[in-house]
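The structure appears right after this line, and notes come after that.
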Amino acid sequence: MQKKFTYLLFSFLLLSICAIAQGDKKKKIVQLTGIIISVDSMQAVSYTSILIAGTNRGTMADASGYFSLVISAGDTLKFSSVGYQTETYRLPDTLSQSSYSLIQLMKRDTAVYPTVNFSRWPSYQQFKYAFENKVIPEGDYEYAQRNMKRLEVNNSEYKADASLNHKYIQNQAKSKLYYGGQIPPNNLLNPIAWASFLRAWKNGELKIEK
């Protein structure tokens, strides 16, 4: 009696396994292709991760949002991408064709965080003191102004020393050698010299030596 019961139990398990196997074989294999786009902008969602639920198989969309995957009818797909809500899609198990196309829409996932206030100074008094006593560094304009003031030398107050007198005499001798046998230029017709003369006259820089 025990052997007969064991035989019947073994036969029942064997029939159940065969039925499950036949049921799995009846699942239709489908070549699924599609494109993933955003609901807001209708632009492609690049590099979206696509996973078959309950398995470790899947694929990833390309830069234009296109993907292609071989799945079974009735499988559920999970679409996930950074900045978007995870979407699911179940392929109908009543498909008769071996290929299927899909346009999957993705919604943006907006994360709202509480307001964070950043403050460098612990108190308003410290901020006020730092603001009032801040030393602003000089810029290029200030550097140029200071350098120009150094070049403003009043000739009437400048006393030539021995080295400058020697340099002046050497320049005079050099000019005579340069214009030897020629007529030296006359500054009376030099517009630059006239402009310097008029500017000095206007500014009161000309003095009559007595």
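Residues are referred to by chain and number: the chain letter is A, B, ... according to the order shown in the structure tokens, the number counts from 1 in that chain, and ligands are numbered separately from 1 in the order shown.
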
Notebook entry, point to check: Neighbours of segment 26-36 of chain A within 10 Å (only C-alpha atoms; same-chain residues fewer than 6 positions away dropped), as number ranges by chain?
Noted result: A: 20, 42-48, 61-62, 64-75, 79, 91, 93-106

Next item on the list: Would you mind reading off the distance between atom CA of Ala195 of chain A and atom CA of Lys149 of chain A, one decimal, in Å?
Entry: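 For atom CA of Ala195 of chain A relative to atom CA of Lys149 of chain A, the distance reads 21.2 Å.
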
Checklist line | Gap from atom CA of Ile183 of chain A to atom CA of His166 of chain A - Å, one decimal | finding: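 Computing the Euclidean distance for atom CA of Ile183 of chain A and atom CA of His166 of chain A yields 24.9 Å.
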
Notebook entry, point to check: With distances taken over only C-alpha atoms, which of A:Asn187, A:Thr59, A:Thr110, A:Ser49 is nearest to Ser81 of chain A?
Noted result: A:Ser49

Item checked: In segment 17-210 of chain A, DSSP helix (DSSP H, G or I) residues written as a PyMOL selection string -> chain A and resi 17-25+124-132+140-151+162-178+187-189+191-202

Restricting the output to C-alpha atoms, write the selected residues as a tab-separated table (two decimals), in the first residue's frame.
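Output below, filename selection.tsv:
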```
chain	number	residue	atom	x	y	z
A	17	ILE	CA	6.48	19.39	-13.89
A	18	CYS	CA	5.59	18.45	-17.47
A	19	ALA	CA	2.57	20.75	-17.40
A	20	ILE	CA	4.70	23.66	-16.16
A	21	ALA	CA	7.34	22.95	-18.79
A	22	GLN	CA	4.74	22.83	-21.54
A	23	GLY	CA	3.26	26.06	-20.24
A	24	ASP	CA	6.66	27.76	-20.42
A	25	LYS	CA	7.20	26.47	-23.93
A	124	TYR	CA	25.16	90.64	11.63
A	125	GLN	CA	27.61	92.72	13.70
A	126	GLN	CA	30.57	90.64	12.51
A	127	PHE	CA	29.41	90.94	8.92
A	128	LYS	CA	29.05	94.73	9.26
A	129	TYR	CA	32.54	95.06	10.74
A	130	ALA	CA	34.09	92.93	7.99
A	131	PHE	CA	32.22	94.90	5.30
A	132	GLU	CA	33.25	98.31	6.64
A	140	ASP	CA	45.02	97.87	-13.13
A	141	TYR	CA	43.60	101.40	-13.36
A	142	GLU	CA	44.91	102.37	-9.91
A	143	TYR	CA	48.33	100.90	-10.72
A	144	ALA	CA	48.48	102.93	-13.95
A	145	GLN	CA	47.46	106.15	-12.16
A	146	ARG	CA	50.15	105.70	-9.53
A	147	ASN	CA	52.82	104.99	-12.14
A	148	MET	CA	51.80	108.04	-14.18
A	149	LYS	CA	52.19	110.27	-11.12
A	150	ARG	CA	55.74	109.06	-10.74
A	151	LEU	CA	56.47	110.19	-14.31
A	162	ALA	CA	76.88	115.82	-13.28
A	163	SER	CA	75.83	112.56	-14.94
A	164	LEU	CA	72.85	114.16	-16.69
A	165	ASN	CA	74.98	117.12	-17.86
A	166	HIS	CA	77.50	114.69	-19.29
A	167	LYS	CA	74.72	112.78	-21.04
A	168	TYR	CA	73.38	116.03	-22.48
A	169	ILE	CA	76.77	116.98	-23.92
A	170	GLN	CA	77.21	113.52	-25.40
A	171	ASN	CA	73.81	113.74	-27.07
A	172	GLN	CA	74.69	117.11	-28.54
A	173	ALA	CA	77.93	115.73	-29.98
A	174	LYS	CA	76.12	112.69	-31.32
A	175	SER	CA	73.54	114.92	-33.04
A	176	LYS	CA	76.32	116.92	-34.74
A	177	LEU	CA	77.89	113.73	-36.05
A	178	TYR	CA	74.50	112.36	-37.17
A	187	ASN	CA	61.79	122.43	-34.51
A	188	LEU	CA	60.11	125.65	-35.54
A	189	LEU	CA	58.18	123.58	-38.09
A	191	PRO	CA	53.92	120.25	-34.91
A	192	ILE	CA	54.67	118.06	-31.88
A	193	ALA	CA	57.00	120.72	-30.46
A	194	TRP	CA	54.35	123.39	-31.03
A	195	ALA	CA	51.72	121.27	-29.29
A	196	SER	CA	54.03	120.80	-26.28
A	197	PHE	CA	54.75	124.55	-26.24
A	198	LEU	CA	51.06	125.50	-26.31
A	199	ARG	CA	50.17	122.97	-23.63
A	200	ALA	CA	52.94	124.26	-21.35
A	201	TRP	CA	51.84	127.85	-21.97
A	202	LYS	CA	48.22	127.02	-21.15
```
